[in-house]
Structure formats: structure tokens, C-alpha cells
Amino acid sequence: MSLFIQADLRLASISRIPSVVTSDEFDILTLLQAVWRQRKLIVICSLFFGVIGALFAYTVTPEYEVSTILRPAALNELDALNRSEIYSLPPSTALIRVGAALDSYETRLGYFRSNPDLQAAFTRPGYTAEQAFEDFNRNALKLVQPDPKKADLLSAYIGFQMRYPEGVRGHDVLNELVNYAIENERRQVSDDLKIIIGNRLKEVDAKLVAARADYDATKESNIAELLESDSLSRALLQDELKALRVQLKQRREDRISVLDEAINIARSLGLKKPSTPSSMADSEASGNVIRTEVNNQQIPLYFMGTDALEAERQVLRKRRSDDFADPRIAQIRRELSLLISNRQVEVLRKRENEEIFLKGVEPLRAERIRLENISTDLSQLRLVSIDRFAVEPVNPVAPQKLLWIALGLILGAGIGLFLAILRNAVHTRRGSQTQSAAKPHSVAADARSSLPAL
């Protein structure tokens with residue numbers, strides 16, 4: 001019974017002990033007080049990281065940045081090239097070509113290989129020449145173009161930037177790279193112009209060769225026609241001459257036959273010498289008749305007498321040629337003599353400078369002379385206008401010392417604040433655990449003291 005009474009008293013005493021209430025609410029004021037008490041820690045962390053930022057800012061190799069701006073050249077700079085009528089290069093196109101050359105991997109590689117100082121500046125330990133160029137090409141150079149939607153003739157430009165470490169004369173490198181690209185593009189335009197002019201000259205020469213071939217063919221055709229005409233005329237004349245000789249020979253033979261008959265008649269009449277019909281009249285009637293016949297017709301050939309007729313026949317039989325008997329034969333011989341040589345053919349064959357006889361080639365010759373007089377030396381040609389050259393910068397773009405120091409201070413302050421809050425939380429937790437461990441002992445002691453002695 002006494003045991004139950006003691007237990008009830010103990011419970012009653014314990015119920016009289018005030019309960020400890022834990023709150024998870026964040027006490028801003030207490031936190032600020034705790035942070036302020038540890039302000040030295042925050043300042044030390046901020047200064048420590050500020051010093052680290054300053055050391056980084058002052059020990060890292062500074063990087064500088066330079067830029068240049070290219071704009072389209074004036075119209076008069078490219079006027080001579082465009083007026084050649086074989087190559088067209090507007091200023092805007094020339095600017096685009098130079099920009100493409102600056103952005104070209106081949107152009108940058110060629111300039112990088114030609115500049116030993118640039119190779120030494122970008123070659124790091126363990127880097128090959130190709131890796132050094134990749135670093136230079138990827139990180140150092142940047143091509144800037146205007147917004148295509150807003151670009152017009154007044155705002156058209158191409159910007160070129162270069163970022164480089166300290167120890168490199170970046171402004172000289174960038175200007176030389178721009179000049180290298182412009183020179184390469186100028187050389188390319190010159191080579192293109194030479195090729196186009198060469199092709200045009202070949203085309204003009206081919207047309208001139210065709211004109212000469214046509215002239216030679218026409219000349220040979222004319223000579224052939226003339227010779228053919230002469231041959232035909234000669235053949236016709238020879239045929240005519242042959243026919244006339246046959247005709248004259250037949251006429252001579254016919255004359256001999258006629259003379260034979262007349263000689264026979266004259267012999268039968270006893271006419272040896274030439275006589276007339278009147279001398280043969282035996283009577284008046286017969287004479288009258290004969291005179292009537294003489295008046296109405298020619299005197300027959302046999303009245304010439306046998307002597308004259310035989311003499312003529314003898315001469316005709318001894319004749320070797322009858323050409324003189326017809327004047328046409330002499331004329332034919334004259335014409336054949338003229339056909340022995342054709343002077344027009346001789347003149348055509350003896351032409352020395354046949355170029356002057358070519359027809360329709362005057363424009364081709366003029367075009368050839370014009371093409372030959374086009375200058376392919378474009379060393380003075382301005383493809384673009386350099387609106388702003390790269391100049392040596394005054395301050396580096398990286399690292400920004402004040403920014404790194406400020407970032408170090410801010411980072412250090414943040415880390416110090418975090419450490420202060422963490423330390424405060426640890427101290428608070430330890431204090432709570434100590435109080436929790438001390439309270440059960442004090443409660444038990446109070447309970448024991450409050451129990452009556454049995």
C-alpha cells in the first residue's frame with residue numbers, strides 16, 4: 001500500500017515540473033547577433049579569397065583584344081576592272097570575298113605558317129604546330145558581320161577581331177593578316193582575270209583561224225573555178241579549132257573535086273586558057289543564047305581553062321594546113337594563147353600578206369588588241385576600304401583585376417557567412433543537448449526531495 005502511495009506522489013511531483021517547448025522558428029535577430037559575433041571570421045575569409053583573386057588577376061597572363069573594320073571600296077576603285085567587260089566585281093561583292101578570305105581556314109593557316117613569332121606565341125609545351133594553329137584559329141580570331149536584316153549600303157561592313165596574350169603585337173598581326181587576305185584575294189582576282197583573258201584570246205584566235213581557213217578554202221575554190229573555166233574554154237576552143245580544120249579540109253577536098261570536074265569539062269571543050277562564053281559562039285543564035293546565059297548566071301568554072309584549073313588543083317593538093325583559110329582559126333589561137341596562163345590565178349597564188357584580204361575579221365582583231373592591252377597587274381587595286389585599322393590597346397580585356405578581386409571578396413564573405421551560420425548552429429545544438437541532459441537529473445532530485453519519509 002505504501003508503494004502505491006509513493007508512486008502516486010512521484011507522478012504528481014513530476015506533473016508539476018514545467019514542460020520545455022522546442023520551436024523550429026528562425027530567429028533573425030539571434031542569427032544576426034551570432035553572425036556579428038563572428039564578424040572576424042567573415043572578414044578573414046573575405047580577405048583571404050580577395051587576396052587569392054588578386055593573386056590570380058596579377059599573375060595570370062593578360063589578354064588583349066584588337067579589331068579592324070572593312071567597308072566596301074569606292075566605285076571608282078573598281079571602275080577600270082568592271083569596264084573591261086570581261087570581269088565584274090561590284091564593291092559589295094569584293095567586300096564579301098575579302099570577308100570570306102579572312103574567314104577561310106586556308107588563308108589563316110597560310111598566314112600562321114608565314115609568321116614564326118605568332119607560332120611561338122600560341123605554341124604551348126606539348127603542342128604541335130597544328131594544335132597551336134587550331135587554338136589560334138578557334139579562340140583568337142572572330143569575324144563580325146552586321147545584321148543581314150538591317151544591312152544596307154551605308155552600314156555594310158565586316159569586323160575582324162583578335163584576342164591574344166601579352167607579348168604579341170596583336171595590332172600588327174591583325175593588320176598584316178587583313179593585308180595578307182586582301183593580297184591573296186587580289187592575286188586570285190588577277191589570276192582569274194588572266195585566265196579569262198587567255199580564254200577570250202583563244203576564242204578570238206580560233207575565230208581568226210576559222211576566218212583564215214574560210215579564206216583559204218574560198219581562195220582555193222576560186223582558183224579551182226578559174227582553172228576549170230580555163231580548161232573548159234580551152235577544150236571548147238580546141239574542139240572548135242579541130243572542127244574548123246576538118247571543115248576546111250573537107251572544103252579543100254570538095255574544091256579539088258569541083259576542079260577535077262571543071263578540068264574534065266574544060267578538056268572536053270578544049271579550053272586550055274581562060275576564055276569567055278562569047279568567044280565560043282559559032283553562030284549568032286548560039287551566041288545570043290550564050291550571052292543570055294551569061295547575063296542570067298555566072299560563068300562556069302571550066303571557062304578558066306585547064307591550065308588555071310590544074311594549077312589550082314595542084315596547089316590545093318600540096319597544101320599542108322588550111323588554117324589561114326578562115327580568120328576564126330587565128331582568133332581561136334589567140335584565145336588559146338591567152339588561156340595558157342591565168343593571171344588572176346597567179347595573183348591569188350602570189351599574195352604575200354593574206355591577212356589583209358580576210359573579210360569580217362576587223363572586229364576580232366580589234367577585240368584581240370583590246371584584250372592584249374588589258375592590264376592584269378592589280379597590285380594597286382583596292383578591293384575594300386579599311387575604315388579602321390587595328391591599334392595597340394591600352395588595357396587588357398582579361399583578366400579584369402577589379403572584377404576578380406571583387407569576386408574573391410564576395411566569395412570569401414559568402415563562405416565566411418556560411419561558416420559563421422554553421423558554427424552558430426553547431427553551438428546552439430550542443431547547448432540544447434547539454435540542457436536536455438541536465439534537466440532529467442534535476443527533476444528526479446526534486447521528486448525525491450518532495451516525497452515524505454516512510
# chains A, B, ... in the order shown; residues from 1 in each chain; ligands from 1
$ residues_around --residues "A:Leu70" --least-positions-apart "5" --cutoff "10 Å" --atoms "only C-alpha atoms" --output "VMD selection string"
chain A and resid 95 98 to 99 156 to 160 178 384 to 389
$ residues_around --residues "A:Gln38" --least-positions-apart "2" --cutoff "10 Å" --atoms "only C-alpha atoms" --output "PDB file with C-alpha atoms, in the first residue's frame"
ATOM      1  CA  LEU A  32      22.321  38.361 -36.920  1.00  0.00           C
ATOM      2  CA  GLN A  33      23.740  38.631 -33.442  1.00  0.00           C
ATOM      3  CA  ALA A  34      25.533  35.332 -33.898  1.00  0.00           C
ATOM      4  CA  VAL A  35      26.893  36.456 -37.278  1.00  0.00           C
ATOM      5  CA  TRP A  36      28.030  39.774 -35.849  1.00  0.00           C
ATOM      6  CA  LYS A  40      36.160  38.489 -37.711  1.00  0.00           C
ATOM      7  CA  LEU A  41      35.766  35.088 -39.334  1.00  0.00           C
ATOM      8  CA  ILE A  42      33.781  36.611 -42.187  1.00  0.00           C
ATOM      9  CA  VAL A  43      36.323  39.386 -42.708  1.00  0.00           C
ATOM     10  CA  GLY A 416      32.655  33.243 -44.045  1.00  0.00           C
ATOM     11  CA  LEU A 417      28.932  33.894 -43.549  1.00  0.00           C
ATOM     12  CA  LEU A 419      30.868  29.169 -41.729  1.00  0.00           C
ATOM     13  CA  ALA A 420      29.535  31.622 -39.129  1.00  0.00           C
ATOM     14  CA  ILE A 421      25.976  30.326 -39.508  1.00  0.00           C
ATOM     15  CA  ARG A 423      29.281  27.429 -36.192  1.00  0.00           C
ATOM     16  CA  ASN A 424      26.295  29.106 -34.592  1.00  0.00           C
TER      17      ASN A 424
END
$ select_by_dssp --residues "stretch 287-450 of chain A" --states "strand (DSSP E or B)" --output "PyMOL selection string"
chain A and resi 384-388+398
$ write_last_selection --atoms "N, CA and C atoms" --output "mmCIF file, in the first residue's frame"
data_model
loop_
_atom_site.group_PDB
_atom_site.id
_atom_site.type_symbol
_atom_site.label_atom_id
_atom_site.label_comp_id
_atom_site.auth_asym_id
_atom_site.auth_seq_id
_atom_site.Cartn_x
_atom_site.Cartn_y
_atom_site.Cartn_z
ATOM 1 N N VAL A 384 38.830 46.592 -100.918
ATOM 2 C CA VAL A 384 37.995 47.082 -99.813
ATOM 3 C C VAL A 384 38.635 48.334 -99.238
ATOM 4 N N SER A 385 37.852 49.012 -98.457
ATOM 5 C CA SER A 385 38.354 50.190 -97.753
ATOM 6 C C SER A 385 38.478 49.843 -96.271
ATOM 7 N N ILE A 386 39.679 49.978 -95.732
ATOM 8 C CA ILE A 386 39.898 49.703 -94.302
ATOM 9 C C ILE A 386 39.468 50.944 -93.533
ATOM 10 N N ASP A 387 38.278 50.853 -92.953
ATOM 11 C CA ASP A 387 37.709 52.009 -92.266
ATOM 12 C C ASP A 387 38.430 52.287 -90.952
ATOM 13 N N ARG A 388 38.882 51.224 -90.293
ATOM 14 C CA ARG A 388 39.600 51.413 -89.030
ATOM 15 C C ARG A 388 40.673 50.340 -88.902
ATOM 16 N N ALA A 398 41.278 40.845 -70.423
ATOM 17 C CA ALA A 398 41.251 39.759 -69.452
ATOM 18 C C ALA A 398 42.673 39.567 -68.899
#
$ residues_around --residues "stretch 319-335 of chain A" --least-positions-apart "4" --cutoff "7 Å" --atoms "only C-alpha atoms" --output "CSV table (one decimal) with N, CA and C atoms, in the first residue's frame"
chain,number,residue,atom,x,y,z
A,237,LEU,N,37.6,25.6,-177.3
A,237,LEU,CA,38.3,26.2,-178.4
A,237,LEU,C,39.0,25.2,-179.3
A,241,LEU,N,38.5,24.5,-183.0
A,241,LEU,CA,39.6,24.5,-184.0
A,241,LEU,C,39.7,23.2,-184.8
A,245,ARG,N,39.2,22.9,-188.8
A,245,ARG,CA,40.2,22.3,-189.7
A,245,ARG,C,39.6,21.2,-190.5
A,248,LEU,N,37.6,22.9,-193.1
A,248,LEU,CA,38.4,23.5,-194.2
A,248,LEU,C,39.0,22.4,-195.0
A,249,LYS,N,39.4,21.3,-194.4
A,249,LYS,CA,40.0,20.2,-195.2
A,249,LYS,C,38.9,19.6,-196.1
A,315,VAL,N,48.0,23.1,-206.4
A,315,VAL,CA,48.3,23.9,-205.1
A,315,VAL,C,47.5,23.3,-204.0
A,339,LEU,N,44.7,31.6,-172.8
A,339,LEU,CA,44.4,30.7,-171.8
A,339,LEU,C,45.5,29.9,-171.3
$ closest_residue --among "A:Ile28, A:Ile356, A:Leu381, A:Val397" --to "A:Leu75" --atoms "only C-alpha atoms"
A:Leu381
$ residues_around --residues "A:Ile263" --least-positions-apart "6" --cutoff "12 Å" --atoms "only C-alpha atoms" --output "NGL selection string"
:A and (255-257 or 269-274 or 300-314)
$ residues_around --residues "stretch 362-370 of chain A" --least-positions-apart "2" --cutoff "7 Å" --atoms "only C-alpha atoms" --output "ChimeraX atom specification"
/A:201,204,360,372-374
$ write_last_selection --atoms "C-alpha atoms" --output "PDB file, in the first residue's frame"
ATOM      1  CA  LEU A 201      42.119  35.335-126.699  1.00  0.00           C
ATOM      2  CA  VAL A 204      39.266  35.143-130.801  1.00  0.00           C
ATOM      3  CA  GLY A 360      34.747  40.180-141.354  1.00  0.00           C
ATOM      4  CA  GLU A 372      46.014  42.240-125.010  1.00  0.00           C
ATOM      5  CA  ASN A 373      46.033  45.816-123.694  1.00  0.00           C
ATOM      6  CA  ILE A 374      44.035  44.963-120.556  1.00  0.00           C
TER       7      ILE A 374
END
$ atom_distance --atom1 "atom CA of A:Ala121" --atom2 "atom CA of A:Glu185"
26.8 Å
$ select_by_dssp --residues "stretch 236-416 of chain A" --states "helix (DSSP H, G or I)" --output "ChimeraX atom specification"
/A:236-269,277-280,284-296,301-304,306-318,323-325,327-338,343-349,354-357,362-372,401-416
$ closest_residue --among "A:Asn82, A:Ser279, A:Asn139, A:Asn222" --to "A:Ala94" --atoms "only C-alpha atoms"
A:Asn82
$ residues_around --residues "A:Tyr87" --least-positions-apart "3" --cutoff "9 Å" --atoms "only C-alpha atoms" --output "PyMOL selection string"
chain A and resi 81-84+192-193+196
$ write_last_selection --atoms "N, CA, C and O atoms" --output "mmCIF file, in the first residue's frame"
data_model
loop_
_atom_site.group_PDB
_atom_site.id
_atom_site.type_symbol
_atom_site.label_atom_id
_atom_site.label_comp_id
_atom_site.auth_asym_id
_atom_site.auth_seq_id
_atom_site.Cartn_x
_atom_site.Cartn_y
_atom_site.Cartn_z
ATOM 1 N N LEU A 81 38.371 47.823 -113.655
ATOM 2 C CA LEU A 81 38.176 46.373 -113.763
ATOM 3 C C LEU A 81 36.803 46.038 -114.313
ATOM 4 O O LEU A 81 36.650 45.160 -115.170
ATOM 5 N N ASN A 82 35.781 46.749 -113.846
ATOM 6 C CA ASN A 82 34.424 46.448 -114.305
ATOM 7 C C ASN A 82 34.189 46.911 -115.741
ATOM 8 O O ASN A 82 33.358 46.330 -116.445
ATOM 9 N N ARG A 83 34.903 47.947 -116.182
ATOM 10 C CA ARG A 83 34.728 48.433 -117.550
ATOM 11 C C ARG A 83 35.488 47.585 -118.574
ATOM 12 O O ARG A 83 35.373 47.825 -119.775
ATOM 13 N N SER A 84 36.250 46.617 -118.106
ATOM 14 C CA SER A 84 36.934 45.714 -119.041
ATOM 15 C C SER A 84 35.957 44.803 -119.769
ATOM 16 O O SER A 84 36.321 44.164 -120.758
ATOM 17 N N ASP A 192 42.292 35.059 -112.000
ATOM 18 C CA ASP A 192 41.027 34.850 -112.726
ATOM 19 C C ASP A 192 40.974 35.715 -113.977
ATOM 20 O O ASP A 192 40.522 35.254 -115.042
ATOM 21 N N LEU A 193 41.428 36.963 -113.838
ATOM 22 C CA LEU A 193 41.418 37.866 -114.989
ATOM 23 C C LEU A 193 42.335 37.349 -116.092
ATOM 24 O O LEU A 193 41.980 37.384 -117.279
ATOM 25 N N ILE A 196 40.625 34.392 -117.768
ATOM 26 C CA ILE A 196 39.506 34.814 -118.623
ATOM 27 C C ILE A 196 40.028 35.464 -119.896
ATOM 28 O O ILE A 196 39.532 35.194 -121.001
#
$ closest_residue --among "A:Ile410, A:Arg163, A:Gln131, A:Val144" --to "A:Ala100" --atoms "only C-alpha atoms"
A:Val144
$ closest_residue --among "A:Val173, A:Leu232, A:Leu378, A:Leu78" --to "A:Pro116" --atoms "only C-alpha atoms"
A:Val173
$ residues_around --residues "A:Ser67" --least-positions-apart "2" --cutoff "8 Å" --atoms "only C-alpha atoms" --output "PDB file with N, CA, C and O atoms, in the first residue's frame"
ATOM      1  N   GLU A  65      42.716  42.583 -76.822  1.00  0.00           N
ATOM      2  CA  GLU A  65      41.828  42.401 -77.977  1.00  0.00           C
ATOM      3  C   GLU A  65      41.919  43.636 -78.875  1.00  0.00           C
ATOM      4  O   GLU A  65      41.874  44.777 -78.388  1.00  0.00           O
ATOM      5  N   ILE A  69      37.870  47.226 -89.019  1.00  0.00           N
ATOM      6  CA  ILE A  69      36.596  47.283 -89.739  1.00  0.00           C
ATOM      7  C   ILE A  69      36.886  47.524 -91.213  1.00  0.00           C
ATOM      8  O   ILE A  69      37.644  48.438 -91.571  1.00  0.00           O
ATOM      9  N   GLY A 159      33.666  43.283 -89.606  1.00  0.00           N
ATOM     10  CA  GLY A 159      34.586  43.488 -88.500  1.00  0.00           C
ATOM     11  C   GLY A 159      35.411  42.236 -88.256  1.00  0.00           C
ATOM     12  O   GLY A 159      34.926  41.111 -88.432  1.00  0.00           O
ATOM     13  N   PHE A 160      36.648  42.438 -87.838  1.00  0.00           N
ATOM     14  CA  PHE A 160      37.549  41.311 -87.588  1.00  0.00           C
ATOM     15  C   PHE A 160      38.274  41.575 -86.281  1.00  0.00           C
ATOM     16  O   PHE A 160      38.916  42.627 -86.110  1.00  0.00           O
ATOM     17  N   GLN A 161      38.123  40.646 -85.350  1.00  0.00           N
ATOM     18  CA  GLN A 161      38.699  40.811 -84.021  1.00  0.00           C
ATOM     19  C   GLN A 161      39.745  39.732 -83.761  1.00  0.00           C
ATOM     20  O   GLN A 161      39.666  38.631 -84.302  1.00  0.00           O
ATOM     21  N   MET A 162      40.686  40.092 -82.874  1.00  0.00           N
ATOM     22  CA  MET A 162      41.726  39.142 -82.483  1.00  0.00           C
ATOM     23  C   MET A 162      42.012  39.300 -80.999  1.00  0.00           C
ATOM     24  O   MET A 162      42.174  40.415 -80.501  1.00  0.00           O
ATOM     25  N   HIS A 171      48.071  44.078 -82.790  1.00  0.00           N
ATOM     26  CA  HIS A 171      47.567  45.012 -83.792  1.00  0.00           C
ATOM     27  C   HIS A 171      48.325  44.855 -85.107  1.00  0.00           C
ATOM     28  O   HIS A 171      47.734  44.922 -86.189  1.00  0.00           O
ATOM     29  N   LEU A 174      47.098  41.513 -86.674  1.00  0.00           N
ATOM     30  CA  LEU A 174      45.773  41.613 -87.289  1.00  0.00           C
ATOM     31  C   LEU A 174      45.824  42.419 -88.578  1.00  0.00           C
ATOM     32  O   LEU A 174      45.225  42.021 -89.590  1.00  0.00           O
ATOM     33  N   PHE A 389      41.899  50.800 -88.767  1.00  0.00           N
ATOM     34  CA  PHE A 389      42.998  49.871 -88.574  1.00  0.00           C
ATOM     35  C   PHE A 389      43.065  49.445 -87.105  1.00  0.00           C
ATOM     36  O   PHE A 389      42.601  50.158 -86.204  1.00  0.00           O
ATOM     37  N   ALA A 390      43.641  48.289 -86.878  1.00  0.00           N
ATOM     38  CA  ALA A 390      43.857  47.823 -85.515  1.00  0.00           C
ATOM     39  C   ALA A 390      44.998  48.616 -84.881  1.00  0.00           C
ATOM     40  O   ALA A 390      46.060  48.791 -85.479  1.00  0.00           O
ATOM     41  N   VAL A 391      44.756  49.125 -83.690  1.00  0.00           N
ATOM     42  CA  VAL A 391      45.769  49.898 -82.961  1.00  0.00           C
ATOM     43  C   VAL A 391      46.089  49.170 -81.662  1.00  0.00           C
ATOM     44  O   VAL A 391      45.298  48.371 -81.152  1.00  0.00           O
TER      45      VAL A 391
END
$ decode --residues "stretch 253-275 of chain A" --atoms "N, CA, C and O atoms" --output "PDB file, in the first residue's frame"
ATOM      1  N   GLU A 253      38.985  19.527-200.109  1.00  0.00           N
ATOM      2  CA  GLU A 253      38.764  18.326-200.908  1.00  0.00           C
ATOM      3  C   GLU A 253      37.571  18.496-201.867  1.00  0.00           C
ATOM      4  O   GLU A 253      37.603  18.034-203.024  1.00  0.00           O
ATOM      5  N   ASP A 254      36.567  19.156-201.357  1.00  0.00           N
ATOM      6  CA  ASP A 254      35.420  19.423-202.238  1.00  0.00           C
ATOM      7  C   ASP A 254      35.834  20.336-203.393  1.00  0.00           C
ATOM      8  O   ASP A 254      35.386  20.154-204.562  1.00  0.00           O
ATOM      9  N   ARG A 255      36.693  21.281-203.063  1.00  0.00           N
ATOM     10  CA  ARG A 255      37.177  22.191-204.121  1.00  0.00           C
ATOM     11  C   ARG A 255      37.992  21.416-205.152  1.00  0.00           C
ATOM     12  O   ARG A 255      37.873  21.659-206.372  1.00  0.00           O
ATOM     13  N   ILE A 256      38.788  20.479-204.675  1.00  0.00           N
ATOM     14  CA  ILE A 256      39.576  19.671-205.619  1.00  0.00           C
ATOM     15  C   ILE A 256      38.636  18.853-206.501  1.00  0.00           C
ATOM     16  O   ILE A 256      38.854  18.720-207.723  1.00  0.00           O
ATOM     17  N   SER A 257      37.592  18.307-205.897  1.00  0.00           N
ATOM     18  CA  SER A 257      36.625  17.539-206.702  1.00  0.00           C
ATOM     19  C   SER A 257      35.949  18.427-207.728  1.00  0.00           C
ATOM     20  O   SER A 257      35.741  18.042-208.902  1.00  0.00           O
ATOM     21  N   VAL A 258      35.616  19.603-207.306  1.00  0.00           N
ATOM     22  CA  VAL A 258      34.987  20.544-208.250  1.00  0.00           C
ATOM     23  C   VAL A 258      35.961  20.894-209.370  1.00  0.00           C
ATOM     24  O   VAL A 258      35.601  20.985-210.563  1.00  0.00           O
ATOM     25  N   LEU A 259      37.234  21.076-209.004  1.00  0.00           N
ATOM     26  CA  LEU A 259      38.242  21.404-210.015  1.00  0.00           C
ATOM     27  C   LEU A 259      38.455  20.230-210.976  1.00  0.00           C
ATOM     28  O   LEU A 259      38.664  20.433-212.192  1.00  0.00           O
ATOM     29  N   ASP A 260      38.388  19.008-210.444  1.00  0.00           N
ATOM     30  CA  ASP A 260      38.517  17.838-211.335  1.00  0.00           C
ATOM     31  C   ASP A 260      37.402  17.825-212.384  1.00  0.00           C
ATOM     32  O   ASP A 260      37.645  17.576-213.591  1.00  0.00           O
ATOM     33  N   GLU A 261      36.221  18.063-211.945  1.00  0.00           N
ATOM     34  CA  GLU A 261      35.111  18.099-212.890  1.00  0.00           C
ATOM     35  C   GLU A 261      35.277  19.227-213.920  1.00  0.00           C
ATOM     36  O   GLU A 261      35.044  19.054-215.125  1.00  0.00           O
ATOM     37  N   ALA A 262      35.682  20.390-213.378  1.00  0.00           N
ATOM     38  CA  ALA A 262      35.847  21.541-214.291  1.00  0.00           C
ATOM     39  C   ALA A 262      36.970  21.283-215.300  1.00  0.00           C
ATOM     40  O   ALA A 262      36.883  21.673-216.479  1.00  0.00           O
ATOM     41  N   ILE A 263      38.064  20.632-214.829  1.00  0.00           N
ATOM     42  CA  ILE A 263      39.166  20.306-215.755  1.00  0.00           C
ATOM     43  C   ILE A 263      38.692  19.351-216.837  1.00  0.00           C
ATOM     44  O   ILE A 263      39.027  19.508-218.027  1.00  0.00           O
ATOM     45  N   ASN A 264      37.916  18.358-216.441  1.00  0.00           N
ATOM     46  CA  ASN A 264      37.404  17.412-217.436  1.00  0.00           C
ATOM     47  C   ASN A 264      36.516  18.121-218.457  1.00  0.00           C
ATOM     48  O   ASN A 264      36.590  17.856-219.671  1.00  0.00           O
ATOM     49  N   ILE A 265      35.701  19.016-217.949  1.00  0.00           N
ATOM     50  CA  ILE A 265      34.808  19.752-218.871  1.00  0.00           C
ATOM     51  C   ILE A 265      35.635  20.645-219.786  1.00  0.00           C
ATOM     52  O   ILE A 265      35.392  20.737-221.005  1.00  0.00           O
ATOM     53  N   ALA A 266      36.636  21.322-219.180  1.00  0.00           N
ATOM     54  CA  ALA A 266      37.462  22.223-219.994  1.00  0.00           C
ATOM     55  C   ALA A 266      38.228  21.435-221.057  1.00  0.00           C
ATOM     56  O   ALA A 266      38.410  21.903-222.191  1.00  0.00           O
ATOM     57  N   ARG A 267      38.728  20.254-220.731  1.00  0.00           N
ATOM     58  CA  ARG A 267      39.422  19.429-221.717  1.00  0.00           C
ATOM     59  C   ARG A 267      38.480  18.984-222.846  1.00  0.00           C
ATOM     60  O   ARG A 267      38.861  18.958-224.032  1.00  0.00           O
ATOM     61  N   SER A 268      37.301  18.638-222.391  1.00  0.00           N
ATOM     62  CA  SER A 268      36.358  18.208-223.449  1.00  0.00           C
ATOM     63  C   SER A 268      35.981  19.355-224.365  1.00  0.00           C
ATOM     64  O   SER A 268      35.663  19.150-225.550  1.00  0.00           O
ATOM     65  N   LEU A 269      36.005  20.545-223.858  1.00  0.00           N
ATOM     66  CA  LEU A 269      35.678  21.725-224.668  1.00  0.00           C
ATOM     67  C   LEU A 269      36.925  22.288-225.340  1.00  0.00           C
ATOM     68  O   LEU A 269      36.831  23.233-226.125  1.00  0.00           O
ATOM     69  N   GLY A 270      38.066  21.790-224.894  1.00  0.00           N
ATOM     70  CA  GLY A 270      39.283  22.290-225.492  1.00  0.00           C
ATOM     71  C   GLY A 270      39.694  23.638-224.959  1.00  0.00           C
ATOM     72  O   GLY A 270      40.390  24.396-225.652  1.00  0.00           O
ATOM     73  N   LEU A 271      39.282  23.900-223.769  1.00  0.00           N
ATOM     74  CA  LEU A 271      39.636  25.185-223.157  1.00  0.00           C
ATOM     75  C   LEU A 271      40.884  25.002-222.309  1.00  0.00           C
ATOM     76  O   LEU A 271      40.878  24.362-221.263  1.00  0.00           O
ATOM     77  N   LYS A 272      41.975  25.500-222.811  1.00  0.00           N
ATOM     78  CA  LYS A 272      43.228  25.392-222.079  1.00  0.00           C
ATOM     79  C   LYS A 272      43.535  26.672-221.324  1.00  0.00           C
ATOM     80  O   LYS A 272      44.132  26.657-220.257  1.00  0.00           O
ATOM     81  N   LYS A 273      43.170  27.747-221.908  1.00  0.00           N
ATOM     82  CA  LYS A 273      43.369  29.052-221.292  1.00  0.00           C
ATOM     83  C   LYS A 273      42.023  29.612-220.876  1.00  0.00           C
ATOM     84  O   LYS A 273      40.974  29.219-221.377  1.00  0.00           O
ATOM     85  N   PRO A 274      42.016  30.552-219.991  1.00  0.00           N
ATOM     86  CA  PRO A 274      40.758  31.171-219.598  1.00  0.00           C
ATOM     87  C   PRO A 274      40.081  31.828-220.795  1.00  0.00           C
ATOM     88  O   PRO A 274      40.743  32.424-221.640  1.00  0.00           O
ATOM     89  N   SER A 275      38.795  31.636-220.902  1.00  0.00           N
ATOM     90  CA  SER A 275      38.020  32.212-222.000  1.00  0.00           C
ATOM     91  C   SER A 275      36.652  32.598-221.502  1.00  0.00           C
ATOM     92  O   SER A 275      36.336  32.360-220.325  1.00  0.00           O
TER      93      SER A 275
END
